[in-house]
Structure formats: C-alpha cells, structure tokens
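A.B. asks: Please read through the structure below; I'll follow up with questions.
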Amino acid sequence: MKINLTVNGEKREVEVKPQTRLLDLLREDLDLTGTKEGCGKGECGACTVIMNNELVASCLVLAIQADQSEIITIEGLNCQDELHPIQKAFINKGAVQCGFCIPGMIMSSKQLLDENINPTEAEIKRGLSGNICRCTGYVKIIDAVKEAAHKMKSRGEDDD
Amino acid sequence: MEFNHVHKSKKRVDVYEKVTGRAKYGADMRFPDMLYAQTLYTKYPYAEIKNIDLDKAKKQTDVEAIITAEDVPNNKFGVIIENQQVLAEDKSLFIGDGIAVVAAKTAKAAARAIELIDVEYKELEGIYDPLKARKEGSQLIHEENESNQVIHHPLRKGNIKQGFLESDVIIKREYDTPFIEQSYIEPEAVVAVPYQENSTITVYGSIQNPFATQGAVASVLKEKLNKIRIVQNHMGGSFGGKDEVVSSMAARAAILALKTKKPVRLVNTRDQSIKESYKRHPYKMKYKIGATHDGQLKAMQIEAVADSGAYACQTPFVTWRSVVQATGPYEVANVKTDTYGFYTNNIYTGAMRGYGSPQVIFAQESLMDELAEELDMDPVELRLKNIYHNNSITASGQKLDSHQVSLEEVLTKAVEKSDFIEKYNRYKKEQTGDKKRGIGLSISFRGCSLGAEAIDAAGIILSLKKDGSVNLYSGLAENGQGLKTVYCQIAGEILGLDIDRINFMEVDTLISPDSGSTVASRATLIGGNAVKKAANNLKNRIKKFIAESYEQTEDDIVLKDGKIYGKKSIEIMSIAKMSSMAAMEGVCLTSYGWYVSPEISWDEEIGQGNPYFTYVYGCQVAEVEVDIKTGEINVLKMTAAHDVGRAINPANVKGQIYGGVMMGLGYGIMEELKTNQGYIQNTNFDEYLIPTVKDMPDIDPIIVENPDPDGPFGAKSIGEPTLELGAAAIANAVANAADKRIRSLPINLEQIIVGRKLSKGGGQK
C-alpha cells in the first residue's frame, strides 16, 4: 500500500508492506541510514526519531502508522553545512566515541530541549534514559546537552 | 616539554560524520543486486545433525542460495587453535552454532526460507560446567583431543609451603564471575562482494580486526591472502567482541557471494548477536593467601578455572593474562598459580575489554580487603606494605625497572581525592537506618599490549600530497576508542601540521600494513610508535631536501604550524609549497613506519619471565549506598586514577575512563548472561541489562602521567585498565557498608538480603 509522509521537510510517497516498520522505511526505502537498529525491541534507543513532535522508537512503529505523519531524523537536523547547536555541542564536548547511539541520542536531546530549554540534570537524565550508550559513560553527553541548552537559549533570546 | 598537537584535547577527526548520521556502518552499506542472508541456528546446544532437508526452502521465491557445512571449503578456523566450525558439521556444540545460511533477494524471503529448512537432530547430553568437563573420563567436546582442557598455565615462584609456614594468618576464599556480553550497540554486520577489482572477495563491515578476519576468510575459502580484501571503517563499538564471530559471518557471506556472484549482506539482530557471539569468560577462582601479623604477604596459591565454551577461541591467551596478573600488584616471594580453560557446551568465550583481568582483579582485590579485615588493618595500609615500587619483582620474576612504577602515586591520589580513610572509618561504624554507605577501593597493574602472546609490531604509511595534506594508512583500526584522532595528533606533532590536514583512511587490508589486531590497549602504544617512525622518516627526507636546496643544515630546520623554518628560526616556506617542489624534484613523499616492541620472554613451564615490556597502574574508589531492606545498591561515586604514561588527548582519556568505569559498574552490580543447560536466557537488552544514564554515579577521573621511555611521547594504555577495577572496588564498598562480603558477581539484591543468588546455578560459598 502507498503511504504519504513528510520526512525532514520533504514530502514522500512510499509503497510499503503491512508489516514494514518505520525503521525499515527510513533505512531501506528512503536510504536514511543515520537512524540505527540496535535491538529491534525499543530498548536501546538507537532508532529514535521524532514523529509528529513526539519521540518514537522507529523499530516499534509500523510504516502504515506513519501515514500522513511528519518525521524528523538525524539527517534532517542540520541545514546543509550548518550544524544544529546540539550537534555542535556533541562535537565540542567530546560526547561521541563509536557514534552508533549518537543519532538517537541527539534526537532525544532535541525533543527534550524543544520541550524544555532549561532542563535540570535530572531532567536531562530522564530525557535520555531511553538511549543506551556502551562507550561514553554518558558524562560528556550530559555536558553536551547542557551546552546545547545554553546556546539554544541565548540564540532564542537574540531572536526576541 | 612543549607540544603543539599531542597532549591536547583535540576534537575527534571522525566526529562530524557521526553527529550528522553520514557515517556508514556495516549495515548501512549498499551494493547493486545485494542479497540478504540469514543464518539458521541449531535448536539444541549439543546435538547430532542427522539430516538437513533444504528442498522446501530452496523452492521459495527470491531464494538464491543456501549453504550448509558441506559447502564450506575448510570448515574449521581459529587464531590460536583451529576448531571453530563455520557451520555445524556433524554436531552442534553450542546454542549459537549455525546450521545453514540462506541468501535471498529480500530479508523477508531469507527469513521465510530459514523456517522451511527441516533439520533432524539427535539431542545429546552436554556438559555445561567446566568443573565437570575437567573430570577425568568426561565425554570429549572435541573428540580429537585427549581431554576437555583447552589450556593450563602454571606459575611457580619460591616455595609456597615455606611461605605459608612463615605466615601468621592464612585465609582461603572462593570467588566466581559470570558470562558477560560485550554489548556493543551495533550488532554484527558484514557485506561480502565477489570479484571486485582483483580480489576474489571483499568484505565490508563491523570488523574489529581486519587482518584476523582476512586470515580466517582466506583459510575457510582456501584462498590466498592477497585475494581476500577486508575493509573496515566505522564500527558501532566492539570491546573485543567483533573478532571471531564476525570472521565466521564474513566467511559465510563470502561463500554465498561466490556462489551467487552477487554481494551478500549478513546482519545480526540483537537476539542473534547475543546467541551467537562469544562472551567474557566466567571464572571460578580459589585463593589462599598467607601473611604475617604486621601484614607482610608471604605466600599465595591460586587456581582459576575458565569456561571456554564450545571453542578454544581466545581462551589460551585470556587465561595467560590472568596468570600474569593473578596475584595483583603485590610483592609475594612464594606463589603458585594455575589457570585453566575447559571446553563445555556453553556459549564460547573470547575477548572482551579486560581480557582475563577483571575476573582475577575482582577476586584478588576482594581478598586483600578480607585479609585486611582478618589482620584488623585498614585496606590502604595493607596494600601500601606490599605494592610494587620501582625495581620490585613480580610473581613471574620480572624486575620492574624500565619505567616509573606509580602504584603508590595512583593509590594515594585516589585515596586523598575521595577522602577514603575518613569515610572508610566512618562507614565502618554502626549506621542507623536501612540505607548504609560504604567505600571501597581496588588497584591493579596491567601489562601493556600483547606481551608474550605474539609478535608485537605495527606499521603506518604516510603519504604527503603536493598541497601539504597527508593520507594516513593504518593497520590498527578505529573501534570508537579514538585511535584515528590520536594517530593524526602524533603525525601532526612531528610534521608540524594541523590534524585537519591529515586524512585517516579506512583500514583496508589491500593497502594498510598488517599490524595484527586492535586489541590489548595497544593502539596508542604500538601503533603510535609506528606513526612516529613514519612521520620522522618523512620529516628527515623533507629536512634533507630543504638543506640541499636552500643551503641550510638539517639540524636548524623545524617544521611547525604548516611551515618550514631554518637557521635563526627564519621562515623558509610553507609545507604545502615544499611538498609541491619536492614532488617535482622526485623526492619520495610516502613513508613507512614499522615499530617492533622491545624484547620480552616467557617460560610456559613455570610461568617465569618478562611477559610485558611495560605496565600501567590504576586505582579506583567506589562509594555506595546499600539499602539492606530492599537490597538495592546505588553507586554514588567512582574516583578513578590511572597512569597513562602521557595523555596524547586528555579529553579522550577521560572519555575512556567514564566509559570504562560505567562498564565496570555493570560488571559489578548488573550484568550477567544467564545460561541454563547451554540455552541463553537473556538475549536482548530488556533482560540483559547494561548501565543507562540513570545508573550513572558521579565519576572523578584523575589522569596521572609518568611518560614511559618506550611510549610515543611517553604514552601507554588506557582502554582496558578503566574497566577492570570497578567490580572489586564496589564489592569492597558493599562490605564496608553492609558488613556482607559478596564473592560472586554481579552483586545483586538477592545476595544482599538472603546472602545468595536465587537464580539457578547461583549460590555462594
């Protein structure tokens, strides 16, 4: 069956099977391989994307459920060469090692900061609790989210 | 010493593609006409395979090929002992053995075909306990052997009988540790492409050790090494885990690719990954230690038995590291150590960060606290009385005289920073309420790099381009640890170039020098030295060219900030301009650096010699809160002091410490791969729990630097030392808090409340 959705601001029409997962649609049909599969069970968060302004584990969402939806993946975060403040902060704070969890981690960070630009450390931890990382011990990831919040806040204030 | 590029927290060179999602990992590779492969695993851990009926599966639409052991040219491989089956032939030996692999046009068709393969098994009674496998007359897991013993490493020093006679206090304790899953977040993935350019097969993917995989694929295909090409780029974590299991997958995909003449992709799901990939060895350890009343160690007797599972894999070397480090970093005149590995029908075991050290450190550092308790001495004092210093003699008889032995320094720094003594004494007293606090520590010495396991050498190729940019080809590979950045920093330091001028190329066995495996925390030390050599070779050629062309003396020439300076520090020209001119003059701008480590020695009969040419030292302190009513353990703080020789990239060193401490915390209180009669009970992250952001303690990293004469700019190792200490420190902290000594990992709430594990196979001695 055909579904219509907006992915990273671009309207897409895709032929999918009833059992196709949103993750497969993104990775296999649209070749957006930035979204990763780590467990297939919604436990690791590597496949996290934003769907209709909410975080979802794309391995647990059927493609047909995404009909008429708006999806943002890691590829949709930076416009051309300009990185999103969260991406910049992950670089500056050395929050990346192997990098496999990072797309999901960044999407969760984005959702967190879009909802709450002043998160406490406990709120950051809650926001990232669905994403597991085996390399970094999370310390610098939290530092990065803090820095991103700071930068996004002052940017927001500049705009006002 | 002033540095411009090393000893600086430079940003990672591979980070841009990782934060934008552009980095391609194994499962992201796409090729025209690519087929999707799926493995059928055995139904029983130990069974005879009577018949495999492929008829129905073959008739499925979109199925292009199916292979079984019959199709494998040489079905057994292994780096040390060649006994790992690519696909189960007559018998399955463990629950992750493959029976058949299907390649189909779609992943779904492959999965459907797998279900249609009809296998007739005769289930056999297996052995699932290494102590049972050890018994004389036990049935043989590998019939070609005389026993189930994979390896025995003895170590004999002094006279333990005499040592125990001289002891006032003798204690005996038993400890055990579980199977542990590496838990890289990226499951294994390979794509095999047939007949690309001049190679018979090219394998791309999540491959920790491209040269080991090249060797395995060549041996399985009975093809020459120069026809097998392995390409590795981004890896979603490995921690020792993507070696033999990935080699096996690469070989399966390669056979299918050659059969279908199409690229074949084989990607594991998490459940498949946990079921088929090797684990960290479970150990059962018996320790006996004797000391005088004033705390001087006199004798140690140790027996450690490792479960090797179905295959030898890395067991001979993992247990060898254990035998070297089993006494801990203490001077003991009389030592008898025996470490063993035995085959069972459990999941096989191999490399995981630590490699034989986390097990013995958990035992021996718990034991030191138990001995301190027995001697009524504080644990720091007991350690200080016995630890290695410069010129100490180790259990294997090695005199530590080539580098600064900084145990006292790391111990003192961690103890002072964590306020250990005050807290230890305070928490030791009766605490009111259900929540009790405790603090504990552990220390270690760790042999850097491979040691006497194998020849320890690595190579680097640097190619300076006409515009002053550089391509760097390395045989050691980035697994996420930060090697690319460190190598670019070392090359940049010597050539006077910013690291953004240096492009670290993907590791490709076609071009990269075979440098052995990226293991044993050896990349900075061994590979870093090779980078240094390659860069110095190039620099010397540049100096010669400039000296001849510009009437300069080589000694006056300095490369810095992308420029070349001569006599009186006057700028001569940019490196870019020089590169272009030198190239036109026919100067060779490609250089090779080959580094071979200093000599080492080992007598396998008595476990004596100089097993490693240098060591690193570490101390970790854990502070915990234990709820004695619910059994909940909360790790509040970890202080980690590590001597790294010199931190080439301090930010990355801290990153290693944070990550390693968290992994050690998982080992201490959370992680256990549960098996029952060879079946694995927790095959995904909903049941195999690893630390999340909510389990984070406050982590205080302390970098200690005593540059090593054999390290590049003095640098040594950091990856593994960070992980090996946590479990012991936490066990000691729990004992300090709740007055309960747990000798079996992971320390969990059942043990705190009822004093033993409730799960099958648990129970404390």
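Residue numbering restarts at 1 in every chain; chains get A, B, ... in the order shown in the structure tokens, and ligands count up from 1 in that same order.
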Which residues of chain A have any atom within 9 Å of an atom in chain B when counting only C-alpha atoms, and what is the closest pair of atoms for each, with the distance in Å to one decimal? Order the rows by chain and rising number and write it as JSON lines.
C.D. replies:
```
{"residue": "A:Arg27", "atom": "CA", "partner": "B:Asp28", "partner_atom": "CA", "distance": 8.0}
{"residue": "A:Asp31", "atom": "CA", "partner": "B:Asp28", "partner_atom": "CA", "distance": 8.5}
{"residue": "A:Leu32", "atom": "CA", "partner": "B:Gly21", "partner_atom": "CA", "distance": 8.4}
{"residue": "A:Thr33", "atom": "CA", "partner": "B:Asp28", "partner_atom": "CA", "distance": 5.8}
{"residue": "A:Gly34", "atom": "CA", "partner": "B:Gly21", "partner_atom": "CA", "distance": 3.9}
{"residue": "A:Thr35", "atom": "CA", "partner": "B:Gly21", "partner_atom": "CA", "distance": 7.2}
{"residue": "A:Lys36", "atom": "CA", "partner": "B:Glu186", "partner_atom": "CA", "distance": 8.0}
{"residue": "A:Glu37", "atom": "CA", "partner": "B:Glu186", "partner_atom": "CA", "distance": 7.3}
{"residue": "A:Gly38", "atom": "CA", "partner": "B:Ile185", "partner_atom": "CA", "distance": 5.5}
{"residue": "A:Cys39", "atom": "CA", "partner": "B:Arg270", "partner_atom": "CA", "distance": 4.9}
{"residue": "A:Gly40", "atom": "CA", "partner": "B:Arg270", "partner_atom": "CA", "distance": 7.2}
{"residue": "A:Lys41", "atom": "CA", "partner": "B:Asp686", "partner_atom": "CA", "distance": 8.0}
{"residue": "A:Gly42", "atom": "CA", "partner": "B:Asp686", "partner_atom": "CA", "distance": 8.8}
{"residue": "A:Glu43", "atom": "CA", "partner": "B:Phe685", "partner_atom": "CA", "distance": 6.0}
{"residue": "A:Cys44", "atom": "CA", "partner": "B:Phe685", "partner_atom": "CA", "distance": 7.0}
{"residue": "A:Ala46", "atom": "CA", "partner": "B:Ile185", "partner_atom": "CA", "distance": 7.8}
{"residue": "A:Thr73", "atom": "CA", "partner": "B:Gly21", "partner_atom": "CA", "distance": 8.9}
{"residue": "A:Ile74", "atom": "CA", "partner": "B:Gly21", "partner_atom": "CA", "distance": 5.9}
{"residue": "A:Glu75", "atom": "CA", "partner": "B:Gly21", "partner_atom": "CA", "distance": 6.0}
{"residue": "A:Gly76", "atom": "CA", "partner": "B:Thr20", "partner_atom": "CA", "distance": 8.8}
{"residue": "A:Leu77", "atom": "CA", "partner": "B:Thr20", "partner_atom": "CA", "distance": 7.7}
{"residue": "A:Asn78", "atom": "CA", "partner": "B:Thr20", "partner_atom": "CA", "distance": 7.4}
{"residue": "A:Leu83", "atom": "CA", "partner": "B:Thr20", "partner_atom": "CA", "distance": 8.1}
{"residue": "A:Gln87", "atom": "CA", "partner": "B:Val19", "partner_atom": "CA", "distance": 5.7}
{"residue": "A:Lys88", "atom": "CA", "partner": "B:Val19", "partner_atom": "CA", "distance": 8.3}
{"residue": "A:Phe90", "atom": "CA", "partner": "B:Val19", "partner_atom": "CA", "distance": 7.4}
{"residue": "A:Ile91", "atom": "CA", "partner": "B:Val15", "partner_atom": "CA", "distance": 6.4}
{"residue": "A:Asn92", "atom": "CA", "partner": "B:Lys11", "partner_atom": "CA", "distance": 7.0}
{"residue": "A:Lys93", "atom": "CA", "partner": "B:Lys11", "partner_atom": "CA", "distance": 8.5}
{"residue": "A:Gly94", "atom": "CA", "partner": "B:Lys11", "partner_atom": "CA", "distance": 6.7}
{"residue": "A:Ala95", "atom": "CA", "partner": "B:Gly655", "partner_atom": "CA", "distance": 8.0}
{"residue": "A:Val96", "atom": "CA", "partner": "B:Val15", "partner_atom": "CA", "distance": 6.8}
{"residue": "A:Gln97", "atom": "CA", "partner": "B:Gly480", "partner_atom": "CA", "distance": 4.7}
{"residue": "A:Cys98", "atom": "CA", "partner": "B:Gly480", "partner_atom": "CA", "distance": 3.5}
{"residue": "A:Gly99", "atom": "CA", "partner": "B:Lys18", "partner_atom": "CA", "distance": 5.5}
{"residue": "A:Phe100", "atom": "CA", "partner": "B:Gly236", "partner_atom": "CA", "distance": 4.8}
{"residue": "A:Cys101", "atom": "CA", "partner": "B:Ile185", "partner_atom": "CA", "distance": 6.9}
{"residue": "A:Ile102", "atom": "CA", "partner": "B:Val19", "partner_atom": "CA", "distance": 6.5}
{"residue": "A:Pro103", "atom": "CA", "partner": "B:Gly21", "partner_atom": "CA", "distance": 6.2}
{"residue": "A:Ile106", "atom": "CA", "partner": "B:Val19", "partner_atom": "CA", "distance": 7.8}
{"residue": "A:Ala122", "atom": "CA", "partner": "B:Lys694", "partner_atom": "CA", "distance": 8.8}
{"residue": "A:Lys125", "atom": "CA", "partner": "B:Val693", "partner_atom": "CA", "distance": 5.9}
{"residue": "A:Arg126", "atom": "CA", "partner": "B:Lys694", "partner_atom": "CA", "distance": 7.5}
{"residue": "A:Leu128", "atom": "CA", "partner": "B:Val693", "partner_atom": "CA", "distance": 6.8}
{"residue": "A:Ser129", "atom": "CA", "partner": "B:Val693", "partner_atom": "CA", "distance": 5.7}
{"residue": "A:Gly130", "atom": "CA", "partner": "B:Thr692", "partner_atom": "CA", "distance": 8.0}
{"residue": "A:Asn131", "atom": "CA", "partner": "B:Thr692", "partner_atom": "CA", "distance": 7.5}
{"residue": "A:Ile132", "atom": "CA", "partner": "B:Thr692", "partner_atom": "CA", "distance": 5.6}
{"residue": "A:Cys133", "atom": "CA", "partner": "B:Ile185", "partner_atom": "CA", "distance": 7.0}
{"residue": "A:Arg134", "atom": "CA", "partner": "B:Tyr184", "partner_atom": "CA", "distance": 6.3}
{"residue": "A:Cys135", "atom": "CA", "partner": "B:Gly659", "partner_atom": "CA", "distance": 5.0}
{"residue": "A:Thr136", "atom": "CA", "partner": "B:Gly659", "partner_atom": "CA", "distance": 4.3}
{"residue": "A:Gly137", "atom": "CA", "partner": "B:Gly659", "partner_atom": "CA", "distance": 4.0}
{"residue": "A:Tyr138", "atom": "CA", "partner": "B:Val693", "partner_atom": "CA", "distance": 6.0}
{"residue": "A:Val139", "atom": "CA", "partner": "B:Tyr658", "partner_atom": "CA", "distance": 6.8}
{"residue": "A:Lys140", "atom": "CA", "partner": "B:Gly655", "partner_atom": "CA", "distance": 7.6}
{"residue": "A:Ile142", "atom": "CA", "partner": "B:Val693", "partner_atom": "CA", "distance": 8.9}
```
A.B. asks: Per DSSP on the backbone, what are the strand (DSSP E) residues of range 107-152 of chain B, as a VMD selection string?
C.D. replies: chain B and resid 118 to 123 149 to 152
A.B. asks: Hey, can you check how far CA of Ser147 in chain B sits from CA of Arg134 in chain B?
C.D. replies: 7.7 Å
A.B. asks: List as a tab-separated table every residue of range 507-625 of chain B that is in contact with range 703-720 of chain B, defined as an atom at most 10 Å from one of its atoms (using only C-alpha atoms), together with the nearest atom pair and the distance in Å rounded to one decimal, sorted by chain and then rising number.
C.D. replies:
```
residue	atom	partner	partner_atom	distance
B:Val519	CA	B:Glu720	CA	9.4
B:Ala520	CA	B:Glu720	CA	7.4
B:Ser521	CA	B:Ser717	CA	5.5
B:Arg522	CA	B:Ser717	CA	6.7
B:Ala523	CA	B:Ser717	CA	8.1
B:Thr524	CA	B:Lys716	CA	6.6
B:Leu525	CA	B:Lys716	CA	5.1
B:Ile526	CA	B:Gly711	CA	7.8
B:Gly527	CA	B:Pro712	CA	9.0
B:Gly528	CA	B:Pro712	CA	5.8
B:Asn529	CA	B:Pro712	CA	5.1
B:Ala530	CA	B:Pro712	CA	8.7
B:Val531	CA	B:Pro712	CA	8.7
B:Lys532	CA	B:Pro712	CA	6.9
B:Lys533	CA	B:Pro712	CA	9.5
B:Ser597	CA	B:Asp710	CA	8.3
B:Pro598	CA	B:Asp710	CA	8.1
B:Phe613	CA	B:Asp710	CA	8.5
B:Thr614	CA	B:Asp710	CA	8.0
B:Tyr615	CA	B:Lys716	CA	8.1
B:Val616	CA	B:Ser717	CA	6.8
B:Tyr617	CA	B:Val704	CA	9.3
B:Gly618	CA	B:Val704	CA	9.0
```
A.B. asks: Write the residues you've just listed into a file as a PDB file, in the first residue's frame, and include C-alpha atoms for each of them.
C.D. replies:
```
ATOM      1  CA  VAL B 519      43.367  -5.322  20.992  1.00  0.00           C
ATOM      2  CA  ALA B 520      45.176  -5.293  24.346  1.00  0.00           C
ATOM      3  CA  SER B 521      45.034  -1.491  24.654  1.00  0.00           C
ATOM      4  CA  ARG B 522      47.975  -1.470  22.243  1.00  0.00           C
ATOM      5  CA  ALA B 523      46.905   1.030  19.599  1.00  0.00           C
ATOM      6  CA  THR B 524      48.344   4.213  21.112  1.00  0.00           C
ATOM      7  CA  LEU B 525      51.484   2.489  22.378  1.00  0.00           C
ATOM      8  CA  ILE B 526      52.436   0.252  19.441  1.00  0.00           C
ATOM      9  CA  GLY B 527      50.660   1.952  16.543  1.00  0.00           C
ATOM     10  CA  GLY B 528      51.530   5.377  17.952  1.00  0.00           C
ATOM     11  CA  ASN B 529      55.202   4.445  17.817  1.00  0.00           C
ATOM     12  CA  ALA B 530      54.752   3.381  14.189  1.00  0.00           C
ATOM     13  CA  VAL B 531      53.147   6.735  13.350  1.00  0.00           C
ATOM     14  CA  LYS B 532      56.081   8.438  14.988  1.00  0.00           C
ATOM     15  CA  LYS B 533      58.536   6.428  12.930  1.00  0.00           C
ATOM     16  CA  SER B 597      58.156  -3.705  20.628  1.00  0.00           C
ATOM     17  CA  PRO B 598      61.084  -4.345  22.999  1.00  0.00           C
ATOM     18  CA  PHE B 613      57.740  -4.666  28.359  1.00  0.00           C
ATOM     19  CA  THR B 614      55.808  -2.093  30.342  1.00  0.00           C
ATOM     20  CA  TYR B 615      52.804  -1.769  32.634  1.00  0.00           C
ATOM     21  CA  VAL B 616      50.164   0.769  33.598  1.00  0.00           C
ATOM     22  CA  TYR B 617      48.841   1.306  37.104  1.00  0.00           C
ATOM     23  CA  GLY B 618      45.408   2.264  38.322  1.00  0.00           C
TER      24      GLY B 618
END
```
A.B. asks: I'd like the contact shell of range 565-575 of chain B - 12 Å cut-off, only C-alpha atoms, skipping same-chain residues fewer than 5 positions apart - returned as a VMD selection string.
C.D. replies: chain B and resid 464 to 470 495 to 498 501 539 542 to 543 546 to 547 549 to 560 580 to 583 589
A.B. asks: Please report the interatomic distance between CA of Glu548 in chain B and CA of Ile461 in chain B in Å with one decimal.
C.D. replies: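 A separation of 25.0 Å between them.
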A.B. asks: Nearest to Ile151 in chain B among B:Cys313, B:Ala457, B:Met670, B:Leu411, with distances taken over only C-alpha atoms: which residue is it?
C.D. replies: B:Cys313
A.B. asks: With distances taken over only C-alpha atoms, which residue among B:Gly328, B:Gly26, B:Gly475, B:Gly593 lies nearest Val246 in chain B?
C.D. replies: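 The answer is B:Gly26, which sits nearest to Val246 in chain B.
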